[in-house]
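> Contents of model_30.cif (mmCIF, C-alpha atoms and all ligand atoms) are given next:
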```cif
data_input
#
loop_
_atom_site.group_PDB
_atom_site.id
_atom_site.type_symbol
_atom_site.label_atom_id
_atom_site.label_comp_id
_atom_site.auth_asym_id
_atom_site.auth_seq_id
_atom_site.Cartn_x
_atom_site.Cartn_y
_atom_site.Cartn_z
ATOM 1 C CA SER A 1 0.000 0.000 0.000
ATOM 2 C CA ASP A 2 1.243 3.449 -0.914
ATOM 3 C CA ALA A 3 2.135 6.093 1.605
ATOM 4 C CA ARG A 4 -0.374 8.948 1.865
ATOM 5 C CA LEU A 5 -0.107 12.501 3.099
ATOM 6 C CA SER A 6 -2.632 11.653 5.819
ATOM 7 C CA ASP A 7 -0.080 9.206 7.300
ATOM 8 C CA TYR A 8 1.815 12.265 8.544
ATOM 9 C CA GLU A 9 0.970 14.958 11.040
ATOM 10 C CA LYS A 10 2.427 18.425 10.396
ATOM 11 C CA ILE A 11 4.499 19.873 13.225
ATOM 12 C CA SER A 12 6.297 22.897 11.765
ATOM 13 C CA VAL A 13 7.907 24.381 8.661
ATOM 14 C CA LEU A 14 11.597 23.490 8.195
ATOM 15 C CA GLY A 15 12.333 25.396 5.039
ATOM 16 C CA HIS A 16 11.272 26.703 1.667
ATOM 17 C CA GLY A 17 13.032 26.286 -1.637
ATOM 18 C CA ASN A 18 12.305 26.482 -5.336
ATOM 19 C CA GLY A 19 10.267 23.301 -5.325
ATOM 20 C CA GLY A 20 7.901 23.737 -2.446
ATOM 21 C CA THR A 21 7.925 23.566 1.320
ATOM 22 C CA VAL A 22 9.611 21.150 3.713
ATOM 23 C CA TYR A 23 7.704 20.358 6.916
ATOM 24 C CA LYS A 24 8.707 18.677 10.107
ATOM 25 C CA VAL A 25 6.118 15.924 10.507
ATOM 26 C CA ARG A 26 5.349 12.917 12.666
ATOM 27 C CA HIS A 27 4.585 9.599 11.037
ATOM 28 C CA ARG A 28 1.305 8.799 12.808
ATOM 29 C CA ARG A 29 1.711 5.039 13.076
ATOM 30 C CA SER A 30 5.358 4.902 14.209
ATOM 31 C CA ALA A 31 5.466 8.353 15.920
ATOM 32 C CA GLN A 32 8.770 8.841 14.105
ATOM 33 C CA PRO A 33 9.690 12.460 13.381
ATOM 34 C CA LEU A 34 10.533 12.995 9.695
ATOM 35 C CA ALA A 35 10.916 15.752 7.116
ATOM 36 C CA LEU A 36 8.206 15.924 4.447
ATOM 37 C CA LYS A 37 9.151 17.681 1.212
ATOM 38 C CA LEU A 38 5.992 18.802 -0.544
ATOM 39 C CA PHE A 39 6.223 19.592 -4.266
ATOM 40 C CA ALA A 40 4.098 21.819 -6.459
ATOM 41 C CA ALA A 41 1.657 19.757 -8.546
ATOM 42 C CA GLY A 42 3.421 18.114 -11.494
ATOM 43 C CA ASP A 43 6.896 19.363 -10.538
ATOM 44 C CA PRO A 44 9.255 17.116 -12.558
ATOM 45 C CA SER A 45 12.040 17.516 -10.003
ATOM 46 C CA ALA A 46 10.015 15.353 -7.590
ATOM 47 C CA ALA A 47 10.465 12.207 -9.686
ATOM 48 C CA ARG A 48 14.123 13.007 -10.340
ATOM 49 C CA GLU A 49 14.814 13.460 -6.650
ATOM 50 C CA ALA A 50 12.969 10.242 -5.731
ATOM 51 C CA GLU A 51 14.856 8.261 -8.373
ATOM 52 C CA ILE A 52 18.271 9.485 -7.212
ATOM 53 C CA LEU A 53 17.526 9.007 -3.510
ATOM 54 C CA LYS A 54 16.470 5.401 -4.201
ATOM 55 C CA LEU A 55 19.611 4.815 -6.225
ATOM 56 C CA ALA A 56 21.733 6.286 -3.408
ATOM 57 C CA ALA A 57 19.863 4.477 -0.615
ATOM 58 C CA ASP A 58 23.094 2.935 0.702
ATOM 59 C CA ALA A 59 25.370 5.910 0.053
ATOM 60 C CA PRO A 60 26.911 7.480 3.151
ATOM 61 C CA HIS A 61 26.284 11.160 3.797
ATOM 62 C CA VAL A 62 23.215 11.323 1.580
ATOM 63 C CA VAL A 63 19.851 12.068 3.209
ATOM 64 C CA ARG A 64 17.683 8.926 3.551
ATOM 65 C CA LEU A 65 14.387 8.528 1.704
ATOM 66 C CA HIS A 66 11.642 6.972 3.851
ATOM 67 C CA ALA A 67 8.676 7.036 1.481
ATOM 68 C CA VAL A 68 7.424 8.437 -1.800
ATOM 69 C CA ILE A 69 3.912 9.859 -1.579
ATOM 70 C CA PRO A 70 2.247 9.658 -5.003
ATOM 71 C CA SER A 71 -0.033 12.420 -6.223
ATOM 72 C CA ALA A 72 -3.788 11.835 -6.323
ATOM 73 C CA SER A 73 -3.897 11.598 -10.126
ATOM 74 C CA ALA A 74 -2.120 8.576 -11.539
ATOM 75 C CA GLY A 75 0.867 9.113 -13.806
ATOM 76 C CA GLU A 76 1.729 12.426 -12.253
ATOM 77 C CA ALA A 77 4.942 13.330 -10.420
ATOM 78 C CA PRO A 78 5.090 12.386 -6.720
ATOM 79 C CA ALA A 79 3.349 14.831 -4.407
ATOM 80 C CA ALA A 80 5.842 14.526 -1.585
ATOM 81 C CA LEU A 81 8.876 12.715 -0.229
ATOM 82 C CA ALA A 82 9.253 11.627 3.386
ATOM 83 C CA LEU A 83 12.892 12.096 4.369
ATOM 84 C CA GLU A 84 15.076 11.426 7.359
ATOM 85 C CA LEU A 85 14.852 14.454 9.661
ATOM 86 C CA MET A 86 18.150 16.289 10.077
ATOM 87 C CA PRO A 87 17.661 18.195 13.346
ATOM 88 C CA GLY A 88 20.443 20.736 12.746
ATOM 89 C CA GLY A 89 18.779 21.959 9.549
ATOM 90 C CA SER A 90 20.859 23.239 6.639
ATOM 91 C CA LEU A 91 24.295 24.826 6.850
ATOM 92 C CA ALA A 92 22.792 28.020 5.426
ATOM 93 C CA GLY A 93 20.355 28.088 8.329
ATOM 94 C CA LEU A 94 23.094 27.243 10.826
ATOM 95 C CA LEU A 95 25.270 30.105 9.569
ATOM 96 C CA ARG A 96 22.317 32.497 9.823
ATOM 97 C CA ARG A 97 21.346 31.386 13.309
ATOM 98 C CA LEU A 98 24.946 31.595 14.575
ATOM 99 C CA GLY A 99 25.279 35.102 13.165
ATOM 100 C CA ARG A 100 29.010 34.687 12.584
ATOM 101 C CA PRO A 101 31.329 32.773 10.249
ATOM 102 C CA MET A 102 32.504 29.261 11.103
ATOM 103 C CA ALA A 103 36.018 28.224 12.194
ATOM 104 C CA GLU A 104 38.177 25.860 10.164
ATOM 105 C CA ARG A 105 37.679 22.855 12.444
ATOM 106 C CA PRO A 106 33.915 22.469 11.972
ATOM 107 C CA ILE A 107 34.331 23.422 8.300
ATOM 108 C CA ALA A 108 36.746 20.490 7.909
ATOM 109 C CA ALA A 109 33.977 18.196 9.207
ATOM 110 C CA VAL A 110 31.623 19.602 6.572
ATOM 111 C CA ALA A 111 34.211 19.219 3.821
ATOM 112 C CA ARG A 112 35.177 15.655 4.712
ATOM 113 C CA GLN A 113 31.614 14.364 4.973
ATOM 114 C CA ALA A 114 30.384 16.209 1.879
ATOM 115 C CA LEU A 115 33.331 14.717 -0.044
ATOM 116 C CA LEU A 116 32.448 11.205 1.170
ATOM 117 C CA GLY A 117 28.871 11.819 0.007
ATOM 118 C CA LEU A 118 30.057 13.098 -3.365
ATOM 119 C CA ALA A 119 32.429 10.142 -3.806
ATOM 120 C CA ALA A 120 29.522 7.708 -3.325
ATOM 121 C CA LEU A 121 27.218 9.695 -5.630
ATOM 122 C CA HIS A 122 29.809 10.025 -8.377
ATOM 123 C CA ALA A 123 30.506 6.286 -8.178
ATOM 124 C CA LEU A 124 26.791 5.845 -8.975
ATOM 125 C CA ARG A 125 27.211 8.312 -11.871
ATOM 126 C CA VAL A 126 25.037 10.861 -10.104
ATOM 127 C CA VAL A 127 25.943 14.530 -10.353
ATOM 128 C CA HIS A 128 24.240 16.817 -7.839
ATOM 129 C CA ARG A 129 24.573 20.122 -9.747
ATOM 130 C CA ASP A 130 23.197 22.256 -6.910
ATOM 131 C CA LEU A 131 25.575 21.930 -3.958
ATOM 132 C CA LYS A 132 25.347 24.920 -1.625
ATOM 133 C CA PRO A 133 24.925 25.530 2.105
ATOM 134 C CA SER A 134 21.122 25.269 1.971
ATOM 135 C CA ASN A 135 21.402 21.781 0.433
ATOM 136 C CA LEU A 136 23.809 20.396 3.050
ATOM 137 C CA LEU A 137 22.020 19.192 6.185
ATOM 138 C CA VAL A 138 23.415 18.654 9.681
ATOM 139 C CA GLY A 139 22.549 16.181 12.438
ATOM 140 C CA ALA A 140 22.736 16.859 16.163
ATOM 141 C CA GLY A 141 26.017 14.931 16.339
ATOM 142 C CA GLY A 142 27.649 16.993 13.587
ATOM 143 C CA GLU A 143 26.811 14.500 10.809
ATOM 144 C CA VAL A 144 26.603 16.139 7.382
ATOM 145 C CA LYS A 145 24.397 14.815 4.575
ATOM 146 C CA ILE A 146 23.825 15.946 1.015
ATOM 147 C CA ALA A 147 20.184 16.744 0.198
ATOM 148 C CA ASP A 148 17.977 18.247 -2.532
ATOM 149 C CA PHE A 149 18.471 16.294 -5.742
ATOM 150 C CA GLY A 150 15.950 18.377 -7.668
ATOM 151 C CA ALA A 151 18.717 19.367 -10.092
ATOM 152 C CA GLY A 152 20.552 16.060 -9.939
ATOM 153 C CA LYS A 153 21.193 13.820 -12.909
ATOM 154 C CA VAL A 154 22.146 10.222 -13.485
ATOM 155 C CA LEU A 155 24.685 10.159 -16.315
ATOM 156 C CA ARG A 156 24.235 7.325 -18.750
ATOM 157 C CA ARG A 157 27.814 7.469 -19.942
ATOM 158 C CA ARG A 158 30.574 8.528 -17.599
ATOM 159 C CA LEU A 159 31.325 11.793 -19.338
ATOM 160 C CA ASP A 160 27.870 12.786 -20.605
ATOM 161 C CA PRO A 161 28.002 16.546 -20.806
ATOM 162 C CA CYS A 162 25.389 18.223 -18.639
ATOM 163 C CA ALA A 163 25.949 21.912 -18.987
ATOM 164 C CA SER A 164 22.296 22.903 -18.875
ATOM 165 C CA TYR A 165 21.401 25.731 -16.522
ATOM 166 C CA VAL A 166 19.862 23.732 -13.730
ATOM 167 C CA GLY A 167 20.822 24.439 -10.179
ATOM 168 C CA THR A 168 21.685 27.746 -8.591
ATOM 169 C CA ALA A 169 23.723 30.062 -10.831
ATOM 170 C CA ALA A 170 25.697 31.448 -7.903
ATOM 171 C CA TYR A 171 27.443 28.140 -7.232
ATOM 172 C CA MET A 172 27.949 27.078 -10.864
ATOM 173 C CA SER A 173 31.442 26.405 -12.131
ATOM 174 C CA PRO A 174 32.921 28.392 -15.053
ATOM 175 C CA GLU A 175 32.623 25.468 -17.486
ATOM 176 C CA ARG A 176 28.880 25.221 -16.902
ATOM 177 C CA PHE A 177 28.384 28.816 -18.023
ATOM 178 C CA ASP A 178 30.714 28.506 -20.975
ATOM 179 C CA PRO A 179 31.232 24.881 -21.927
ATOM 180 C CA GLU A 180 32.908 25.769 -25.223
ATOM 181 C CA ALA A 181 35.741 27.664 -23.610
ATOM 182 C CA TYR A 182 36.452 24.609 -21.508
ATOM 183 C CA SER A 183 35.439 21.842 -23.905
ATOM 184 C CA GLY A 184 38.855 20.214 -23.882
ATOM 185 C CA ASP A 185 38.602 19.142 -20.282
ATOM 186 C CA TYR A 186 34.899 18.819 -19.614
ATOM 187 C CA ASP A 187 34.155 16.683 -16.573
ATOM 188 C CA PRO A 188 30.610 16.878 -15.151
ATOM 189 C CA TYR A 189 31.767 15.655 -11.746
ATOM 190 C CA ALA A 190 34.256 18.519 -11.400
ATOM 191 C CA ALA A 191 31.364 21.002 -11.340
ATOM 192 C CA ASP A 192 30.246 19.578 -7.971
ATOM 193 C CA VAL A 193 33.779 20.122 -6.611
ATOM 194 C CA TRP A 194 33.667 23.802 -7.613
ATOM 195 C CA SER A 195 30.307 24.270 -5.882
ATOM 196 C CA LEU A 196 31.609 22.580 -2.738
ATOM 197 C CA GLY A 197 34.589 24.970 -2.748
ATOM 198 C CA VAL A 198 32.282 28.008 -2.985
ATOM 199 C CA ALA A 199 30.081 26.633 -0.185
ATOM 200 C CA ILE A 200 33.057 25.892 2.103
ATOM 201 C CA LEU A 201 34.477 29.373 1.566
ATOM 202 C CA GLU A 202 31.041 30.869 2.285
ATOM 203 C CA LEU A 203 31.012 29.139 5.689
ATOM 204 C CA TYR A 204 34.424 30.637 6.492
ATOM 205 C CA LEU A 205 33.585 34.167 5.323
ATOM 206 C CA GLY A 206 29.984 34.215 6.523
ATOM 207 C CA HIS A 207 28.753 35.524 3.175
ATOM 208 C CA PHE A 208 28.632 34.452 -0.469
ATOM 209 C CA PRO A 209 32.263 34.736 -1.651
ATOM 210 C CA LEU A 210 31.968 35.669 -5.321
ATOM 211 C CA LEU A 211 30.318 39.058 -4.968
ATOM 212 C CA PRO A 212 30.952 41.986 -2.628
ATOM 213 C CA GLU A 213 29.013 41.518 0.609
ATOM 214 C CA GLY A 214 25.412 42.660 0.232
ATOM 215 C CA GLN A 215 25.404 42.859 -3.592
ATOM 216 C CA ARG A 216 22.302 41.342 -5.150
ATOM 217 C CA PRO A 217 23.364 38.263 -7.095
ATOM 218 C CA ASP A 218 21.895 38.962 -10.525
ATOM 219 C CA TRP A 219 22.741 36.631 -13.386
ATOM 220 C CA ALA A 220 25.062 39.042 -15.266
ATOM 221 C CA ALA A 221 27.128 40.002 -12.219
ATOM 222 C CA LEU A 222 27.495 36.362 -11.280
ATOM 223 C CA MET A 223 28.516 35.199 -14.708
ATOM 224 C CA CYS A 224 31.127 37.975 -14.893
ATOM 225 C CA ALA A 225 32.496 37.114 -11.468
ATOM 226 C CA ILE A 226 32.621 33.374 -12.140
ATOM 227 C CA CYS A 227 33.936 33.376 -15.699
ATOM 228 C CA PHE A 228 36.078 36.511 -15.906
ATOM 229 C CA GLY A 229 37.072 37.165 -12.299
ATOM 230 C CA GLU A 230 39.838 35.563 -10.297
ATOM 231 C CA ALA A 231 38.675 32.603 -8.229
ATOM 232 C CA PRO A 232 37.919 33.844 -4.711
ATOM 233 C CA GLU A 233 40.266 32.747 -1.937
ATOM 234 C CA PRO A 234 40.363 32.667 1.857
ATOM 235 C CA PRO A 235 42.097 35.627 3.528
ATOM 236 C CA ALA A 236 45.774 35.407 4.509
ATOM 237 C CA ALA A 237 44.753 34.755 8.123
ATOM 238 C CA ALA A 238 43.447 31.301 7.178
ATOM 239 C CA SER A 239 45.691 28.251 7.526
ATOM 240 C CA GLU A 240 47.862 27.167 4.610
ATOM 241 C CA GLU A 241 45.943 23.859 4.423
ATOM 242 C CA PHE A 242 42.580 25.591 4.183
ATOM 243 C CA ARG A 243 43.816 28.095 1.593
ATOM 244 C CA ASP A 244 45.226 25.304 -0.535
ATOM 245 C CA PHE A 245 42.110 23.131 -0.178
ATOM 246 C CA VAL A 246 39.858 25.953 -1.398
ATOM 247 C CA ALA A 247 42.275 26.800 -4.213
ATOM 248 C CA ARG A 248 42.212 23.172 -5.396
ATOM 249 C CA CYS A 249 38.359 23.233 -5.470
ATOM 250 C CA LEU A 250 38.164 26.639 -7.142
ATOM 251 C CA GLU A 251 40.600 25.902 -9.942
ATOM 252 C CA LYS A 252 38.884 27.612 -12.869
ATOM 253 C CA LYS A 253 40.023 25.041 -15.423
ATOM 254 C CA ALA A 254 37.940 21.955 -14.699
ATOM 255 C CA GLY A 255 40.715 19.641 -15.873
ATOM 256 C CA GLN A 256 43.121 21.072 -13.307
ATOM 257 C CA ARG A 257 40.640 21.077 -10.426
ATOM 258 C CA ALA A 258 41.241 18.449 -7.726
ATOM 259 C CA SER A 259 39.087 15.319 -7.880
ATOM 260 C CA VAL A 260 36.952 14.190 -4.954
ATOM 261 C CA ALA A 261 39.431 11.350 -4.287
ATOM 262 C CA GLU A 262 42.361 13.791 -4.215
ATOM 263 C CA LEU A 263 40.542 16.143 -1.864
ATOM 264 C CA LEU A 264 39.783 13.309 0.563
ATOM 265 C CA GLU A 265 43.571 12.889 0.891
ATOM 266 C CA HIS A 266 44.160 16.625 1.329
ATOM 267 C CA PRO A 267 45.755 17.623 4.682
ATOM 268 C CA PHE A 268 42.849 20.000 5.429
ATOM 269 C CA VAL A 269 40.512 16.999 5.835
ATOM 270 C CA ALA A 270 42.846 13.975 6.102
ATOM 271 C CA GLY A 271 45.459 15.498 8.374
ATOM 272 C CA ARG A 272 43.083 16.240 11.194
ATOM 273 C CA ASP A 273 41.147 14.484 13.932
ATOM 274 C CA ALA A 274 37.867 13.729 12.134
ATOM 275 C CA ALA A 275 35.906 12.939 15.304
ATOM 276 C CA GLY A 276 37.080 16.155 16.957
ATOM 277 C CA ALA A 277 36.113 18.201 13.909
ATOM 278 C CA GLN A 278 32.652 16.612 13.893
ATOM 279 C CA GLN A 279 32.277 17.400 17.606
ATOM 280 C CA ALA A 280 33.161 21.028 16.884
ATOM 281 C CA LEU A 281 30.341 21.089 14.317
ATOM 282 C CA ALA A 282 27.937 19.440 16.792
ATOM 283 C CA ALA A 283 28.819 22.179 19.302
ATOM 284 C CA LEU A 284 27.758 24.814 16.748
ATOM 285 C CA VAL A 285 24.425 23.017 16.215
ATOM 286 C CA ALA A 286 23.865 23.012 19.995
ATOM 287 C CA GLU A 287 24.807 26.687 20.222
ATOM 288 C CA ALA A 288 22.386 27.666 17.438
ATOM 289 C CA GLU A 289 19.639 25.733 19.218
ATOM 290 C CA GLN A 290 20.318 27.637 22.448
ATOM 291 C CA GLY A 291 19.967 30.878 20.519
ATOM 292 C CA ASP A 292 16.568 29.724 19.228
ATOM 293 C CA LEU A 293 15.119 29.259 22.724
HETATM 294 P P1 LIG B 301 14.297 22.902 -2.411
HETATM 295 O O1 LIG B 301 14.395 21.973 -3.564
HETATM 296 O O2 LIG B 301 12.988 23.583 -2.348
HETATM 297 O O3 LIG B 301 15.482 23.803 -2.273
HETATM 298 P P2 LIG B 301 15.380 21.372 -0.169
HETATM 299 O O4 LIG B 301 15.335 19.894 -0.240
HETATM 300 O O5 LIG B 301 16.677 22.039 -0.399
HETATM 301 O O6 LIG B 301 14.234 21.954 -1.121
HETATM 302 O O7 LIG B 301 14.805 21.832 1.255
HETATM 303 C C1 LIG B 301 14.612 23.206 1.555
HETATM 304 C C2 LIG B 301 15.062 23.483 2.991
HETATM 305 O O8 LIG B 301 14.293 22.703 3.912
HETATM 306 C C3 LIG B 301 16.509 23.123 3.283
HETATM 307 O O9 LIG B 301 17.389 24.184 2.937
HETATM 308 C C4 LIG B 301 16.480 22.839 4.768
HETATM 309 O O10 LIG B 301 16.530 24.058 5.490
HETATM 310 C C5 LIG B 301 15.100 22.223 4.978
HETATM 311 N N1 LIG B 301 15.183 20.743 4.903
HETATM 312 C C6 LIG B 301 15.054 19.988 3.800
HETATM 313 N N2 LIG B 301 15.152 18.672 4.058
HETATM 314 C C7 LIG B 301 15.364 18.571 5.387
HETATM 315 C C8 LIG B 301 15.559 17.446 6.294
HETATM 316 N N3 LIG B 301 15.566 16.201 5.842
HETATM 317 N N4 LIG B 301 15.749 17.720 7.605
HETATM 318 C C9 LIG B 301 15.753 18.998 8.039
HETATM 319 N N5 LIG B 301 15.587 20.086 7.255
HETATM 320 C C10 LIG B 301 15.390 19.892 5.933
HETATM 321 MG MG MG B 302 17.443 23.345 -1.784
#
```
Could you write out this file's structure as structure tokens?
Ligand code: ADP
Ligand code: MG


Amino acid sequence: SDARLSDYEKISVLGHGNGGTVYKVRHRRSAQPLALKLFAAGDPSAAREAEILKLAADAPHVVRLHAVIPSASAGEAPAALALELMPGGSLAGLLRRLGRPMAERPIAAVARQALLGLAALHALRVVHRDLKPSNLLVGAGGEVKIADFGAGKVLRRRLDPCASYVGTAAYMSPERFDPEAYSGDYDPYAADVWSLGVAILELYLGHFPLLPEGQRPDWAALMCAICFGEAPEPPAAASEEFRDFVARCLEKKAGQRASVAELLEHPFVAGRDAAGAQQALAALVAEAEQGDL
């Protein structure tokens, strides 16, 4: 028997995005708290997201799918997805609630776990195409999971080009704006590494790194900054490891950018106590929760 919306009781709103609204709910029968992502009627990203989450059901650091709730009319896109609840919310929300940038230690926990998630996804030939702080979710223990596969794609061949403008322009790599200029070294997986680099730097700076603080991110300004500007970098006060890690993600030429496997070996994530870094992230989640009370 299919899951139905009436199986869940709404508790609160967790977030809004392009697609629809995400609610904190309780599964009535099991009393389990979950996240319910409700889509606009007929939204094609619902089916895409469900397909990828099923494919990645065993992947570490990817949010778990509990149930697909079909729409009332047969043949239409799913109405909603019931997801594992991540109590820390998104990293965008965490940054906002903290009201200050994050230190390198908790950022290393984000980087390491996001890379492990990406490694598993890429092994399944899934590209995310919309990595950013609002699509990275945190657990109470500092666990990080990749979410929101509304722009994701399963590549049929390993190097299928996928330069279409899905995802959020702000986090798109140069080769996705201008595939021709970079056609010699096109690698769809490298675009996720760029986006991760932008997101990581955003956590350190406390604001979106590619535009001056406060500037409205319109399409033209973004494309100029991404394609014609220098890649942004952490300030001189940051550690050498962190500066190098970000530089390896934000290599403008996709062919020269570090791979996920290389980044997992990088001293910024590999050379550090992983459990301690995750605890530092958990402490930030606890602090943000205190601020909410
Ligand atoms: P959209 O496709 O609309 O961007 P997302 O899947 O990114 O939807 O969800 C929007 C927001 O809802 C996220 O940024 C996050 O704040 C919140 N959210 C989504 N899924 C969960 C979850 N499983 N647990 C907790 N919060 C979530
Ligand atoms: Mg999102």

> Write as a PyMOL selection string the residues around ligand LIG 301 (chain B), taking 9 Å as the cut-off and counting only C-alpha atoms and all ligand atoms.

chain A and resi 13-24+34-39+45-46+63-65+82-93+133-139+147-151

> Enumerate, in order of chain and increasing residue number, the residues of region 171-207 of chain A with an atom no farther than 7 Å from region 251-255 of chain A, each with its shortest atom pair and distance in Å to one decimal, counting all atoms listed in the file, as a Markdown table.


```
| residue | atom | partner | partner_atom | distance |
| --- | --- | --- | --- | --- |
| A:Pro174 | CA | A:Lys252 | CA | 6.4 |
| A:Glu175 | CA | A:Ala254 | CA | 7.0 |
| A:Asp185 | CA | A:Gly255 | CA | 4.9 |
| A:Tyr186 | CA | A:Ala254 | CA | 6.6 |
| A:Asp187 | CA | A:Ala254 | CA | 6.8 |
| A:Ala190 | CA | A:Ala254 | CA | 6.0 |
```

> Expand the PyMOL selection byres (((chain A and resi 245) around 9) and not hetatm) into the individual residues it matches in the shown file, reporting them as a PyMOL selection string.

chain A and resi 197+240-244+246-250+258+263+266-269

> Go through A:Arg105, A:Arg129, A:Arg4, A:His61 one by one, measure the shortest atom-to-atom distance of each to Val144 (chain A) using only C-alpha atoms, and give the residue with the smallest value.

A:His61

> Would you place a box with edges along x, y and z of the file around all atoms of region 119-126 of chain A listed there, add 6 Å to each of its six sides, and report the centre and edge lengths in Å to one decimal, as AutoDock Vina command-line options?


```
--center_x 28.7 --center_y 8.4 --center_z -7.6 --size_x 19.4 --size_y 17.0 --size_z 20.5
```

> What does the distance from CA of Met172 (chain A) to CA of Ala109 (chain A) come to in Å, to one decimal?

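Computing the Euclidean distance for CA of Met172 (chain A) and CA of Ala109 (chain A) yields 22.8 Å.
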
> Measuring between all atoms listed in the file, which one of A:Gly167, A:Gly117, A:Gly229, A:Gly152 shows the shortest distance to Val62 (chain A)?

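Nearest candidate to Val62 (chain A) out of A:Gly167, A:Gly117, A:Gly229, A:Gly152: A:Gly117.
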
> Tell me, in Å to one decimal, how far CA of Ala80 (chain A) is from CA of Ala47 (chain A).

9.6 Å

> Between A:Ala280, A:Ala261, A:Ile200, A:Ala74, which one has atoms that come closest to His122 (chain A), using all atoms listed in the file?

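Ranking A:Ala280, A:Ala261, A:Ile200, A:Ala74 by distance to His122 (chain A), first place goes to A:Ala261.
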
> Can you tell me how far CA of Pro234 (chain A) sits from CA of Ala119 (chain A), in Å to one decimal?

24.5 Å

> Rank A:Ala31, A:Leu95, A:Met102, A:His128 by their smallest atom-to-atom distance to ligand MG 302 (chain B), using all atoms listed in the file, and report the top residue only.

A:His128

> Using all atoms listed in the file, pick whichever of A:Val127, A:Ala108, A:Leu281, A:Val68 has the shortest atom-to-atom distance to Val166 (chain A).

A:Val127

> So, with all atoms listed in the file as the atoms that count, which of A:Ala288, A:Ala236, A:Leu131, A:Ala231 lies closest to ligand MG 302 (chain B)?

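Among the listed residues, the smallest separation from ligand MG 302 (chain B) belongs to A:Leu131.
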
> Quick one: residues within 9 Å of His27 (chain A), only C-alpha atoms, excluding same-chain residues fewer than 3 positions away - as an NGL selection string?

:A and (7-9 or 30-34)

> Written as a ChimeraX atom specification, which residues does the PyMOL selection byres (((chain A and resi 100) around 10) and not hetatm) give for the file shown?

/A:94-99,101-103,203-207

> If you count only C-alpha atoms, which residues fall within 8 Å of Gln278 (chain A), apart from same-chain ones fewer than 4 positions away, as number ranges by chain?

A: 106, 109-110, 141-143, 274, 282

> List the residues selected by the PyMOL selection byres (((chain A and resi 52) around 8) and not hetatm) in the file shown, writing them as a list in words.

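This file gives the following for the PyMOL selection byres (((chain A and resi 52) around 8) and not hetatm): Arg48, Glu49, Ala50, Glu51, Leu53, Lys54, Leu55, Ala56, Val126, Phe149, Gly152, Lys153 and Val154 of chain A.
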
> Pull C-alpha atoms from the residues just selected and write them as a short mmCIF file (atom, residue, chain, number, x, y, z; two decimals), keeping the file's coordinate frame.


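Heads up, here's the output in result.cif:
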```
data_model
loop_
_atom_site.label_atom_id
_atom_site.label_comp_id
_atom_site.auth_asym_id
_atom_site.auth_seq_id
_atom_site.Cartn_x
_atom_site.Cartn_y
_atom_site.Cartn_z
CA ARG A 48 14.12 13.01 -10.34
CA GLU A 49 14.81 13.46 -6.65
CA ALA A 50 12.97 10.24 -5.73
CA GLU A 51 14.86 8.26 -8.37
CA LEU A 53 17.53 9.01 -3.51
CA LYS A 54 16.47 5.40 -4.20
CA LEU A 55 19.61 4.82 -6.22
CA ALA A 56 21.73 6.29 -3.41
CA VAL A 126 25.04 10.86 -10.10
CA PHE A 149 18.47 16.29 -5.74
CA GLY A 152 20.55 16.06 -9.94
CA LYS A 153 21.19 13.82 -12.91
CA VAL A 154 22.15 10.22 -13.48
#
```
